[in-house]
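Note sheet for the following structure.
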Amino acid sequence: MKQTCTALFLFLLTASTALSQLRVTISGAIVTETGSGIEGAHIQAVGTLFGAVTDADGRFRLKGLASGEYTLLITHLAYLSQQVSINTSSQTELSVVLVEDPHMLSQVFVISGRGQLLSKTPGSVSFLDQNELVLLKPVTGNEVFRRVPGLNVVDEEGAGLRVNIGIRGLDPDRSRSVLMMEDGIPVALNPYGEPEMYYTPAMDRMSGVEVLKGSGQILYGPQTVGGVINYITADPPEEQQIRMRFQGGSGDYLTALGSYGNTFNKTGVQLTYLRKQADNMGPTDFTVNDFSAKLKIPLSDQATLGVKLAAYNEVSNSTYVGITQRMYDLGGDDYSVLVPNDELDVKRYLMSFSHQTRFGKNLNLQSTLYGYTTTRNWRRQDYAYNSYTNDVLNPPPVDWTGVVWGDEGVAGGAIYLRNRTGNRDRQFEVAGWEQKINYSFQLGSVANNLTAGYRYLYERAYEQRINGTSATAQSGTLVSDEIRTGKAIAVYFLDKISILPKLELSPGLRAEFYNYEREILREASTDMYEVASNKIAEFIPGVGLNFRPNSKVNIFTGVHRGYAPPRIKDAIDFSAENPVLDLEAETSVNFELGLRTQLISGLFAELTYFHMDFDNQIIPSSQSVGGPGFGVTNAGRTLHKGLEGAISFNSRELTGSVWLVMADVNGTFTRATYNSDRLVPNGNENINVNGKKLPYAPELTLSTALNVESPFGTGIRFTYTYVGNQFADELNTATPSNNGRIGEIPAYNLLDATLYHRILKYNAQFNLSVKNLTDERYIATRRPEGIRVGLPRFITAGFEIKF
């Protein structure tokens, strides 16, 4: 005991001596070659934990450093990195000029490219950089998206293989109301005709994520009802950089990432390989292999060619089948593998070329050519719920395998597995071409920054349903066979007009022209040929307004027309009830008014009011894509309104403390309701849903984080998430159905914790992470077919090094 006390005393004495050194503040400005301040530049004191970020005027304050000599590393997405030496005994103020990177492929970025940072973006935006991703230690991308105000993220299989995101009360099913991109290129199966996220980019290999919800999203498409999410991967570095990361833990979970980047004779190379697997992550086992390669080739001083190749392969036991309400109430089967023969294989291959040419300082032309294919083959074993007739249990189906899950004592409380499969085999092809200009010019005394362009997209889907005659059959009788084809052209512009020195108006317009066709080659095991087509032309206007009374405050507002084209399969239906049914595009009027402020260094706040009025919203039914019948419901008028906000605190930026304390709170209050009379059958009666809440639209979501880091590199981080109660159907049924598909989803709380230690000398870090620290048991979703229980306490440990 005495030795322990002595050691503790010596440690505290050493620490207090280190902390008692004279502390200084390095301040200054990061500017362009013309003297304009650069917002969002990162300043890092090399070999220390101290850093800062420039404000809207390019100013920064690096507080809390001990007096001495330092090398400052200054980086920015759009500029060449620079190192500056400083001796604080003779200098504490400096001004650094960053040179624009002439070979930056700026089409990669949606909101954080040159001249389009947060303070100048028309509307609410969020950017999560590499630092935030490192601190989170996310097992899945869902943990990252929960950190963004306005987003409702629903877990499905627990592994984050298929992301479900709803924005501002929109239905999160397969993220179909969100435009999902990676490096500025769409990632959905078919962006227009089938925007479901059956493939989700792995967050492990990302260097950042952008989320855009305001009027600025009209530049992109086709889905711009809720918002735009852009995953950002690392570009080739200027010097050699090798990164290795390993993380493993519960359920035989393992992720291993290796990357290599360098520049040879001005040609940059970035190679990344990710292996991710688990044997029982909840009920899910999976294996993912993910490879990507990027080249950045300067063709001249003013022109750059970028090339990207990517290959993704996933094998998992993903299933539609969830547990019944009775099984949930009794417990014991939360993570049982109910249908062990279900298997989902996803393969995706991408190639893209991007070219950028600069014509002087004020004009550049960006061109992108891309193509990708996705194969999604899903073997799903058929099943049936138990049923009663006159209070007598009906016998199982004749092709029952003998396996039963749940309680046969209540109708719908048990699941019978059948000795047959329904194989849903699909292949998707996408090819696109886009050109756009960015032009800065003066019109009289008014400064303009114009973005204008066009894009063409071709997409095709091949879908087959093959019924097998055993529980493991992958082939059998071809039941249905169809081809869906879409061709789209979009033309757009957005002009940021500085009508006053501190007031910027951003009018914009996008025109969408979409032709689509559905060919039925076989239906109900009968050869046939039916074809129908349709054409859509839509104009999507929008306008944003930014007012910056000073460098610390930004007031923004905007209104735009939300737009999402109909899924081809739903827009053209050949069923007997609807021989040909054409659903119109989903449209809305979206308005927002918000305030961003950083009144003092280290304290940031944002508050946004939003209002979305839909003419006719398309709401998914209780079953996702691939189920019988229509996959969506014509919901009529709906209204979404609410508040989203964030506040964050950084003690080192505020006071210069050597101990780093970071805290933040992000929250969203949403009221999403049906806004017109519409009768919905419910047994022997019809119920008017006017005024009822939309499914999967919790009124309140919260995400908070507290991070404490010592000056020696050891830190701990807590992240808390709250999701309010919500309903699984449009009737707002509170009492659960026996099969678990309908009913209220109670509110739940999640607490995560991460302990880490940085070794600055070796640019390495160790971590121990616990997800769901309190082991809360909760219903994550009742989709697609039954209850999915959220992941239990999940423990991982890992190591990362860069050299």
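Residue numbers start at 1 in each chain; chains themselves are named A, B, ... in the order of the structure tokens; ligands are numbered from 1 in the order shown.
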
Requested in this report: Write out as a PyMOL selection string which residues come within 8 Å of A:Asp345 when counting only C-alpha atoms, dropping same-chain ones fewer than 6 positions away.
Outcome: chain A and resi 313-316+375-378

Selected residues, N, CA and C atoms, written as a PDB file, in the first residue's frame, please.
ATOM      1  N   ASN A 313     -17.904  -7.498 -51.738  1.00  0.00           N
ATOM      2  CA  ASN A 313     -18.525  -8.818 -51.706  1.00  0.00           C
ATOM      3  C   ASN A 313     -19.012  -9.101 -50.278  1.00  0.00           C
ATOM      4  N   GLU A 314     -20.279  -9.401 -50.158  1.00  0.00           N
ATOM      5  CA  GLU A 314     -20.876  -9.681 -48.842  1.00  0.00           C
ATOM      6  C   GLU A 314     -21.660 -10.985 -48.895  1.00  0.00           C
ATOM      7  N   VAL A 315     -21.453 -11.811 -47.885  1.00  0.00           N
ATOM      8  CA  VAL A 315     -22.272 -13.008 -47.673  1.00  0.00           C
ATOM      9  C   VAL A 315     -22.769 -12.950 -46.238  1.00  0.00           C
ATOM     10  N   SER A 316     -24.090 -12.996 -46.052  1.00  0.00           N
ATOM     11  CA  SER A 316     -24.651 -12.908 -44.712  1.00  0.00           C
ATOM     12  C   SER A 316     -25.895 -13.760 -44.609  1.00  0.00           C
ATOM     13  N   THR A 375     -25.210  -7.028 -57.765  1.00  0.00           N
ATOM     14  CA  THR A 375     -25.948  -8.288 -57.788  1.00  0.00           C
ATOM     15  C   THR A 375     -26.446  -8.568 -56.375  1.00  0.00           C
ATOM     16  N   ARG A 376     -27.730  -8.775 -56.240  1.00  0.00           N
ATOM     17  CA  ARG A 376     -28.344  -9.015 -54.925  1.00  0.00           C
ATOM     18  C   ARG A 376     -29.211 -10.264 -55.020  1.00  0.00           C
ATOM     19  N   ASN A 377     -28.604 -11.406 -54.662  1.00  0.00           N
ATOM     20  CA  ASN A 377     -29.315 -12.680 -54.684  1.00  0.00           C
ATOM     21  C   ASN A 377     -29.632 -13.102 -53.255  1.00  0.00           C
ATOM     22  N   TRP A 378     -30.907 -13.376 -53.024  1.00  0.00           N
ATOM     23  CA  TRP A 378     -31.355 -13.627 -51.652  1.00  0.00           C
ATOM     24  C   TRP A 378     -32.182 -14.918 -51.608  1.00  0.00           C
TER      25      TRP A 378
END

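Neighbours of A:Asn550 closer than or equal to 12 Å, with only C-alpha atoms counted and sequence neighbours fewer than 6 positions away skipped, come out as A:Asp55, A:Ala56, A:Asp57, A:Ser119, A:Pro501, A:Lys502, A:Leu503, A:Arg596, A:Thr597, A:Gln598, A:Leu599.
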
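Going from atom CA of A:Val163 over to atom CA of A:Pro138, you cover 13.8 Å.
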
With only C-alpha atoms as the counted atoms, please give the residues lying no more than 7 Å from A:Val491, apart from itself and same-chain residues fewer than 2 positions off, as a CSV table (one decimal) with C-alpha atoms, in the first residue's frame.
chain,number,residue,atom,x,y,z
A,453,GLY,CA,-24.5,21.5,-65.1
A,454,TYR,CA,-26.3,18.5,-66.5
A,455,ARG,CA,-26.2,14.8,-66.0
A,489,ILE,CA,-31.6,13.7,-67.9
A,510,ARG,CA,-33.3,21.6,-61.4
A,511,ALA,CA,-35.2,20.1,-64.3
A,512,GLU,CA,-35.7,16.3,-64.3

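For the choices A:Lys771, A:Arg561, A:Arg782, A:Arg147, the atom-to-atom distance to A:Leu219 is smallest for A:Arg561 when using only C-alpha atoms.
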
Query raised in the report: Can you tell me, as number ranges by chain, what residues are no more than 9 Å from A:Val789 when counting only C-alpha atoms, ignoring any on the same chain fewer than 3 positions away?
Result: A: 155-158, 282, 322-323, 328, 334-335, 777-782, 792

Could you save those same residues with all heavy atoms as a compact mmCIF listing (two decimals), in the first residue's frame?
# COMPACT_ATOMS: atom_id res chain seq x y z
N ASP A 155 -31.91 0.42 -36.69
CA ASP A 155 -31.13 -0.80 -36.87
C ASP A 155 -32.02 -1.90 -37.43
O ASP A 155 -33.21 -1.95 -37.13
CB ASP A 155 -30.54 -1.27 -35.54
CG ASP A 155 -29.29 -0.50 -35.17
OD1 ASP A 155 -28.49 -0.19 -36.06
OD2 ASP A 155 -29.11 -0.21 -33.97
N GLU A 156 -31.43 -2.77 -38.22
CA GLU A 156 -32.19 -3.91 -38.76
C GLU A 156 -31.57 -5.22 -38.32
O GLU A 156 -32.10 -5.91 -37.45
CB GLU A 156 -32.25 -3.84 -40.29
CG GLU A 156 -33.13 -4.92 -40.90
CD GLU A 156 -33.28 -4.76 -42.39
OE1 GLU A 156 -33.43 -3.63 -42.86
OE2 GLU A 156 -33.24 -5.79 -43.09
N GLU A 157 -30.41 -5.55 -38.89
CA GLU A 157 -29.78 -6.82 -38.54
C GLU A 157 -28.70 -6.65 -37.48
O GLU A 157 -28.12 -7.61 -37.03
CB GLU A 157 -29.23 -7.51 -39.78
CG GLU A 157 -27.93 -6.96 -40.33
CD GLU A 157 -28.05 -5.54 -40.85
OE1 GLU A 157 -28.85 -5.31 -41.76
OE2 GLU A 157 -27.33 -4.67 -40.34
N GLY A 158 -28.45 -5.39 -37.07
CA GLY A 158 -27.47 -5.15 -36.02
C GLY A 158 -26.07 -4.87 -36.53
O GLY A 158 -25.25 -4.34 -35.79
N GLY A 282 -25.48 -10.27 -32.68
CA GLY A 282 -26.91 -10.48 -32.50
C GLY A 282 -27.25 -11.78 -33.21
O GLY A 282 -26.58 -12.81 -33.02
N GLY A 322 -38.52 -11.69 -38.30
CA GLY A 322 -38.23 -11.31 -36.93
C GLY A 322 -39.06 -12.15 -35.97
O GLY A 322 -39.92 -12.93 -36.37
N ILE A 323 -38.80 -11.98 -34.69
CA ILE A 323 -39.54 -12.76 -33.69
C ILE A 323 -40.95 -12.21 -33.52
O ILE A 323 -41.24 -11.06 -33.85
CB ILE A 323 -38.80 -12.80 -32.34
CG1 ILE A 323 -38.72 -11.40 -31.72
CG2 ILE A 323 -37.40 -13.40 -32.51
CD1 ILE A 323 -38.09 -11.39 -30.32
N TYR A 328 -41.07 -12.22 -27.96
CA TYR A 328 -40.41 -11.10 -27.28
C TYR A 328 -40.84 -11.03 -25.82
O TYR A 328 -40.00 -10.80 -24.93
CB TYR A 328 -40.75 -9.79 -28.00
CG TYR A 328 -40.09 -8.57 -27.39
CD1 TYR A 328 -38.75 -8.29 -27.64
CD2 TYR A 328 -40.79 -7.71 -26.55
CE1 TYR A 328 -38.14 -7.18 -27.08
CE2 TYR A 328 -40.20 -6.60 -25.99
CZ TYR A 328 -38.86 -6.34 -26.25
OH TYR A 328 -38.26 -5.25 -25.69
N ASP A 334 -34.27 -13.65 -28.43
CA ASP A 334 -34.00 -12.34 -29.03
C ASP A 334 -33.02 -12.44 -30.20
O ASP A 334 -33.16 -11.74 -31.20
CB ASP A 334 -33.43 -11.40 -27.98
CG ASP A 334 -34.48 -10.96 -26.96
OD1 ASP A 334 -35.64 -11.37 -27.11
OD2 ASP A 334 -34.13 -10.20 -26.04
N TYR A 335 -32.00 -13.29 -30.06
CA TYR A 335 -30.94 -13.36 -31.06
C TYR A 335 -30.81 -14.76 -31.66
O TYR A 335 -29.76 -15.11 -32.20
CB TYR A 335 -29.62 -12.90 -30.45
CG TYR A 335 -29.76 -11.58 -29.73
CD1 TYR A 335 -29.72 -11.52 -28.33
CD2 TYR A 335 -30.00 -10.41 -30.43
CE1 TYR A 335 -29.89 -10.31 -27.67
CE2 TYR A 335 -30.17 -9.20 -29.77
CZ TYR A 335 -30.12 -9.16 -28.39
OH TYR A 335 -30.30 -7.97 -27.73
N ARG A 777 -32.52 -3.80 -23.21
CA ARG A 777 -33.26 -4.64 -24.15
C ARG A 777 -34.37 -3.77 -24.74
O ARG A 777 -35.19 -3.21 -24.02
CB ARG A 777 -33.85 -5.85 -23.43
CG ARG A 777 -34.63 -6.81 -24.33
CD ARG A 777 -35.03 -8.05 -23.54
NE ARG A 777 -35.71 -9.03 -24.39
CZ ARG A 777 -37.01 -9.28 -24.34
NH1 ARG A 777 -37.80 -8.62 -23.49
NH2 ARG A 777 -37.55 -10.20 -25.14
N TYR A 778 -34.40 -3.68 -26.07
CA TYR A 778 -35.35 -2.78 -26.70
C TYR A 778 -35.71 -3.29 -28.09
O TYR A 778 -34.97 -4.06 -28.72
CB TYR A 778 -34.79 -1.36 -26.79
CG TYR A 778 -33.57 -1.22 -27.69
CD1 TYR A 778 -33.70 -0.77 -29.00
CD2 TYR A 778 -32.30 -1.55 -27.22
CE1 TYR A 778 -32.59 -0.65 -29.83
CE2 TYR A 778 -31.19 -1.43 -28.04
CZ TYR A 778 -31.34 -0.98 -29.33
OH TYR A 778 -30.24 -0.87 -30.15
N ILE A 779 -36.87 -2.86 -28.57
CA ILE A 779 -37.30 -3.17 -29.92
C ILE A 779 -36.71 -2.11 -30.86
O ILE A 779 -37.02 -0.93 -30.73
CB ILE A 779 -38.83 -3.19 -30.04
CG1 ILE A 779 -39.42 -4.31 -29.17
CG2 ILE A 779 -39.27 -3.39 -31.49
CD1 ILE A 779 -40.95 -4.32 -29.13
N ALA A 780 -35.86 -2.55 -31.78
CA ALA A 780 -35.27 -1.61 -32.75
C ALA A 780 -36.25 -1.33 -33.88
O ALA A 780 -36.34 -0.19 -34.35
CB ALA A 780 -33.96 -2.17 -33.29
N THR A 781 -36.97 -2.34 -34.33
CA THR A 781 -37.93 -2.19 -35.42
C THR A 781 -38.86 -3.39 -35.44
O THR A 781 -38.56 -4.44 -34.87
CB THR A 781 -37.19 -2.07 -36.78
OG1 THR A 781 -38.14 -1.88 -37.83
CG2 THR A 781 -36.36 -3.30 -37.07
N ARG A 782 -40.00 -3.22 -36.10
CA ARG A 782 -40.92 -4.34 -36.34
C ARG A 782 -40.91 -4.73 -37.82
O ARG A 782 -41.77 -5.47 -38.26
CB ARG A 782 -42.35 -3.97 -35.89
CG ARG A 782 -42.48 -3.72 -34.38
CD ARG A 782 -43.91 -3.39 -34.00
NE ARG A 782 -44.06 -3.16 -32.56
CZ ARG A 782 -44.30 -4.11 -31.66
NH1 ARG A 782 -44.43 -5.37 -32.06
NH2 ARG A 782 -44.42 -3.82 -30.39
N PRO A 792 -27.34 -6.43 -27.93
CA PRO A 792 -27.04 -6.38 -26.49
C PRO A 792 -25.70 -5.69 -26.26
O PRO A 792 -25.08 -5.16 -27.20
CB PRO A 792 -26.98 -7.86 -26.11
CG PRO A 792 -26.48 -8.54 -27.35
CD PRO A 792 -27.07 -7.76 -28.51

For A:Ala278, list every protein, DNA or RNA residue within 10 Å, evaluated using only C-alpha atoms, and leave out those in the same chain fewer than 5 positions away; present the list as an mmCIF file with C-alpha atoms, in the first residue's frame.
data_model
loop_
_atom_site.group_PDB
_atom_site.id
_atom_site.type_symbol
_atom_site.label_atom_id
_atom_site.label_comp_id
_atom_site.auth_asym_id
_atom_site.auth_seq_id
_atom_site.Cartn_x
_atom_site.Cartn_y
_atom_site.Cartn_z
ATOM 1 C CA ALA A 159 -24.441 -5.091 -38.297
ATOM 2 C CA GLY A 248 -12.348 -7.352 -32.539
ATOM 3 C CA GLY A 249 -14.699 -8.449 -29.830
ATOM 4 C CA SER A 250 -18.083 -9.937 -28.986
ATOM 5 C CA GLY A 251 -19.682 -12.461 -31.306
ATOM 6 C CA ASP A 252 -16.326 -13.200 -32.989
ATOM 7 C CA TYR A 253 -16.526 -9.740 -34.519
ATOM 8 C CA LEU A 254 -13.421 -8.705 -36.437
ATOM 9 C CA THR A 255 -12.598 -5.793 -38.689
ATOM 10 C CA THR A 284 -26.378 -12.071 -37.811
ATOM 11 C CA ASP A 285 -23.266 -13.686 -39.213
ATOM 12 C CA PHE A 286 -21.555 -12.106 -42.174
ATOM 13 C CA THR A 287 -18.351 -11.734 -44.128
ATOM 14 C CA VAL A 288 -17.473 -8.582 -46.073
ATOM 15 C CA SER A 316 -24.651 -12.908 -44.712
#

Query - Exercise: stretch 748-753 of chain A partners within 10 Å, only C-alpha atoms, chain neighbours under 2 positions left out, as a VMD selection string - result: chain A and resid 136 to 137 143 701 to 707 716 to 725 745 to 746 755 768 to 780 790 793 to 795

Requested in this report: Could you check which of A:Thr526, A:Asn688, A:Thr200, A:Asn317 is closest to A:Thr140, using only C-alpha atoms?
Outcome: A:Thr200

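Residues in contact with A:Arg518 at up to 7 Å, not including ones fewer than 2 positions away on its chain and judged by only C-alpha atoms, are Ile483, Arg484, Thr485, Ile520, Val531, Ala532, Ser533, Ile568 and Ile572 of chain A.
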